[in-house]
Amino acid sequence: RPAMPRPAATRVIVAANQKGGVGKTTSTVNIAAALVQLGQRVLVVDLDPQGNASTALNVEHLQGTPGTYELLVDGTPLADVVQPAPELPGLDVVPATIDLAGAEIELVSVVAREARLQRALQGHPRVGDAASAGEDRWDYVIVDCPPSLGLLTINALVAGAEVMIPIQAEYYALEGLGQLLKTVEMVRAHLNPALTVSSILITMYDARTRLAAGVAQEVREHFGDQVLRTYIPRSVRVSEAPSYGQTVMTYDPGSPGALSYLEAAREIARKGVRR
Ligand code: ADP
Ligand code: MG
């Protein structure tokens, strides 16, 4: 595949939507895998105690495996909790174990509780620009958020510069988005002035239904150019890949789901650095 040019500095992208089942995890792992195919170096941070991104990327995440819990709550250095994704050279993962389920509460009494992830990333030698982080730098850090707007998601929003919001092309797609946008605005105002909503990704799009077209239209009216032109189709291949410890990018590279994620990743890469 033709490689995309690398960004000048690490781009931290947060996949967020407090609604569950909209495609945060699926989009995180497949866009990460697609970016790797496009010649980028990528770190995925699994911030969901369910550990679905860790499962899909086939990294160890049994209880007790060092991961995001240790990173955020204990302050374990990022370097000590990163694992390479076995199927995808160029992709690294900070796994989430079920221990993370307690983190929302445990973080409340931790110093600088909203900025734990930001500090961990900023202190790692592979995060930065060509001068500070060199050739080996991660081009993208993609953070997979849990379905809530608690301290885990806040940590992601403080650490990231760009929010990617997956929206499922279904009834009630826009419900709850106001609350998410308010949270983004609050974080921008008080904690992270660099934060922007950089991409809205329409997922599970069924081109045969008027409903999906209507939802996509409505999202576009609200968000304009922030909406990626590529829609991710609903496809069984996408949903069955994780049970093989794979992304659809390797499980069925020629399938419409894989090709759409590749195109979405290209769009994201073209958006360039927004710091
Ligand atoms: P979230 O992380 O927002 O909770 P997931 O990425 O886990 O959402 O997706 C929810 C469910 O929908 C999962 O079972 C997943 O396999 C399925 N899914 C996601 N995207 C697609 C798609 N494009 N086609 C079919 N199923 C999908
Ligand atoms: Mg998820």
# chains A, B, ... in the order shown; residues from 1 in each chain; ligands from 1
$ select_by_dssp --residues "region 38-227 of chain A" --states "strand (DSSP E)" --output "PyMOL selection string"
chain A and resi 42-46+83-84+91-94+140-144+162-168+196-203
$ write_last_selection --atoms "C-alpha atoms" --output "short mmCIF file (atom, residue, chain, number, x, y, z; two decimals), in the first residue's frame"
data_model
loop_
_atom_site.label_atom_id
_atom_site.label_comp_id
_atom_site.auth_asym_id
_atom_site.auth_seq_id
_atom_site.Cartn_x
_atom_site.Cartn_y
_atom_site.Cartn_z
CA VAL A 42 0.31 3.76 16.19
CA LEU A 43 -0.40 3.30 19.88
CA VAL A 44 -3.88 2.25 21.01
CA VAL A 45 -4.81 3.03 24.61
CA ASP A 46 -7.68 0.88 25.86
CA GLN A 83 2.61 -4.38 24.45
CA PRO A 84 3.20 -4.83 20.72
CA LEU A 91 1.00 -1.15 16.38
CA ASP A 92 1.39 -0.99 20.16
CA VAL A 93 -1.31 -1.30 22.79
CA VAL A 94 -1.86 -0.36 26.40
CA TYR A 140 -0.96 8.40 16.23
CA VAL A 141 -2.20 7.60 19.68
CA ILE A 142 -5.84 6.47 19.56
CA VAL A 143 -7.70 6.26 22.83
CA ASP A 144 -10.76 3.99 23.09
CA GLU A 162 -8.70 15.62 18.62
CA VAL A 163 -12.00 13.96 19.38
CA MET A 164 -13.42 11.41 16.97
CA ILE A 165 -17.11 10.71 17.57
CA PRO A 166 -18.47 7.51 16.07
CA ILE A 167 -22.20 7.77 15.41
CA GLN A 168 -24.29 4.75 14.61
CA THR A 196 -11.28 20.02 18.95
CA VAL A 197 -13.89 17.66 17.55
CA SER A 198 -11.97 16.71 14.42
CA SER A 199 -14.02 13.87 13.00
CA ILE A 200 -17.49 12.45 13.16
CA LEU A 201 -17.59 8.91 11.79
CA ILE A 202 -20.84 7.35 10.67
CA THR A 203 -20.81 3.64 11.47
#
$ closest_residue --among "A:Glu185, A:Cys145, A:Ala79, A:Val59" --to "ligand 2" --atoms "only C-alpha atoms and all ligand atoms"
A:Cys145
$ residues_near_ligand --ligand "ligand 2" --cutoff "6 Å" --atoms "only C-alpha atoms and all ligand atoms" --output "ChimeraX atom specification"
/A:24-25,146
$ residues_near_ligand --ligand "ligand 1" --cutoff "7 Å" --atoms "only C-alpha atoms and all ligand atoms" --output "number ranges by chain"
A: 17, 19-27, 52, 147, 203-204, 232-236, 238-240, 257
$ residues_around --residues "Asp80 (chain A)" --least-positions-apart "6" --cutoff "12 Å" --atoms "only C-alpha atoms" --output "number ranges by chain"
A: 65-68, 70-71, 74, 93-95, 120, 124
$ write_last_selection --atoms "C-alpha atoms" --output "mmCIF file, in the first residue's frame"
data_model
loop_
_atom_site.group_PDB
_atom_site.id
_atom_site.type_symbol
_atom_site.label_atom_id
_atom_site.label_comp_id
_atom_site.auth_asym_id
_atom_site.auth_seq_id
_atom_site.Cartn_x
_atom_site.Cartn_y
_atom_site.Cartn_z
ATOM 1 C CA THR A 65 -1.617 -7.709 33.408
ATOM 2 C CA PRO A 66 -0.091 -4.209 33.652
ATOM 3 C CA GLY A 67 -2.211 -1.807 31.619
ATOM 4 C CA THR A 68 -4.208 1.396 31.810
ATOM 5 C CA GLU A 70 -1.541 0.774 36.558
ATOM 6 C CA LEU A 71 -0.777 3.712 34.262
ATOM 7 C CA ASP A 74 -0.477 3.722 40.243
ATOM 8 C CA VAL A 93 -1.306 -1.304 22.792
ATOM 9 C CA VAL A 94 -1.858 -0.357 26.396
ATOM 10 C CA PRO A 95 -4.344 -3.053 27.401
ATOM 11 C CA ALA A 120 2.003 9.549 30.968
ATOM 12 C CA HIS A 124 7.244 8.978 26.867
#
$ closest_residue --among "A:Gln118, A:Ser54, A:Thr97, A:Ser243" --to "Pro77 (chain A)" --atoms "only C-alpha atoms"
A:Gln118
$ closest_residue --among "A:Met186, A:Glu87, A:Gln18, A:Ser260" --to "Leu174 (chain A)" --atoms "only C-alpha atoms"
A:Gln18
$ residues_around --residues "Thr247 (chain A)" --least-positions-apart "5" --cutoff "8 Å" --atoms "only C-alpha atoms" --output "number ranges by chain"
A: 29-30, 33, 56-57, 238, 241-242
$ residues_around --residues "Val73 (chain A)" --least-positions-apart "5" --cutoff "12 Å" --atoms "only C-alpha atoms" --output "CSV table (one decimal) with N, CA and C atoms, in the first residue's frame"
chain,number,residue,atom,x,y,z
A,66,PRO,N,-0.2,-5.7,33.6
A,66,PRO,CA,-0.1,-4.2,33.7
A,66,PRO,C,-0.7,-3.5,32.4
A,67,GLY,N,-1.5,-2.5,32.7
A,67,GLY,CA,-2.2,-1.8,31.6
A,67,GLY,C,-2.6,-0.4,32.1
A,68,THR,N,-3.8,0.0,31.5
A,68,THR,CA,-4.2,1.4,31.8
A,68,THR,C,-4.5,1.6,33.3
A,99,ASP,N,-9.6,-4.7,36.1
A,99,ASP,CA,-9.1,-3.8,37.3
A,99,ASP,C,-9.6,-2.4,37.0
A,100,LEU,N,-9.6,-2.0,35.7
A,100,LEU,CA,-9.9,-0.6,35.4
A,100,LEU,C,-11.3,-0.2,35.8
A,101,ALA,N,-12.2,-1.2,36.1
A,101,ALA,CA,-13.5,-0.9,36.5
A,101,ALA,C,-13.6,-0.1,37.8
A,102,GLY,N,-12.5,-0.3,38.6
A,102,GLY,CA,-12.5,0.5,39.9
A,102,GLY,C,-11.9,1.9,39.7
A,103,ALA,N,-11.3,2.1,38.6
A,103,ALA,CA,-10.4,3.3,38.4
A,103,ALA,C,-11.2,4.6,38.5
A,104,GLU,N,-12.5,4.6,38.0
A,104,GLU,CA,-13.3,5.9,38.1
A,104,GLU,C,-13.3,6.4,39.5
A,105,ILE,N,-13.5,5.4,40.5
A,105,ILE,CA,-13.7,5.8,41.9
A,105,ILE,C,-12.3,6.0,42.5
A,106,GLU,N,-11.3,5.2,42.2
A,106,GLU,CA,-10.0,5.3,42.8
A,106,GLU,C,-9.3,6.6,42.4
A,107,LEU,N,-9.6,7.0,41.2
A,107,LEU,CA,-8.9,8.2,40.7
A,107,LEU,C,-9.3,9.5,41.4
A,108,VAL,N,-10.5,9.4,42.0
A,108,VAL,CA,-11.0,10.6,42.6
A,108,VAL,C,-10.0,11.2,43.7
A,109,SER,N,-9.3,10.3,44.4
A,109,SER,CA,-8.4,10.8,45.4
A,109,SER,C,-7.0,10.9,44.9
A,110,VAL,N,-6.7,10.8,43.6
A,110,VAL,CA,-5.4,10.8,43.1
A,110,VAL,C,-5.0,12.3,42.6
A,111,VAL,N,-3.8,12.6,42.8
A,111,VAL,CA,-3.3,14.0,42.5
A,111,VAL,C,-3.5,14.2,41.0
A,112,ALA,N,-3.9,15.4,40.6
A,112,ALA,CA,-4.1,15.7,39.1
A,112,ALA,C,-4.8,14.6,38.4
A,113,ARG,N,-6.0,14.2,39.0
A,113,ARG,CA,-6.7,13.0,38.5
A,113,ARG,C,-7.1,13.1,37.1
A,114,GLU,N,-7.3,14.3,36.5
A,114,GLU,CA,-7.8,14.5,35.2
A,114,GLU,C,-6.7,14.4,34.2
A,115,ALA,N,-5.4,14.5,34.7
A,115,ALA,CA,-4.3,14.7,33.7
A,115,ALA,C,-3.3,13.5,33.8
A,116,ARG,N,-3.8,12.4,34.3
A,116,ARG,CA,-2.9,11.2,34.5
A,116,ARG,C,-2.4,10.7,33.1
A,117,LEU,N,-3.3,10.6,32.2
A,117,LEU,CA,-3.0,10.0,30.9
A,117,LEU,C,-2.1,11.0,30.1
A,120,ALA,N,1.4,10.8,31.4
A,120,ALA,CA,2.0,9.5,31.0
A,120,ALA,C,2.5,9.6,29.5
A,151,LEU,N,-14.3,10.0,34.8
A,151,LEU,CA,-12.9,10.4,34.8
A,151,LEU,C,-12.0,9.7,33.8
A,152,LEU,N,-12.4,8.5,33.4
A,152,LEU,CA,-11.6,7.9,32.3
A,152,LEU,C,-11.7,8.7,31.0
A,155,ASN,N,-9.9,11.9,31.3
A,155,ASN,CA,-8.4,11.8,31.1
A,155,ASN,C,-8.1,11.7,29.6
$ atom_distance --atom1 "CA of Ala85 (chain A)" --atom2 "CA of Leu228 (chain A)"
26.8 Å
$ select_by_dssp --residues "region 9-185 of chain A" --states "helix (DSSP H, G or I)" --output "ChimeraX atom specification"
/A:24-37,52-56,68-74,78-80,98-109,116-122,130-133,151-159,177-185
$ residues_around --residues "Leu259 (chain A)" --least-positions-apart "3" --cutoff "12 Å" --atoms "only C-alpha atoms" --output "list in words"
Asn30, Ile31, Ala33, Ala34, Gln37, Thr230, Tyr231, Ile232, Pro233, Ser235, Arg237, Val238, Val248, Met249, Thr250, Asp252, Pro253, Gly254, Ser255, Pro256, Leu262, Glu263, Ala264, Ala265 and Arg266 of chain A
$ closest_residue --among "A:Ile13, A:Ala194, A:Ala269, A:Leu157" --to "Val36 (chain A)" --atoms "only C-alpha atoms"
A:Ala269
$ atom_distance --atom1 "CA of Val82 (chain A)" --atom2 "CA of Gln63 (chain A)"
15.4 Å
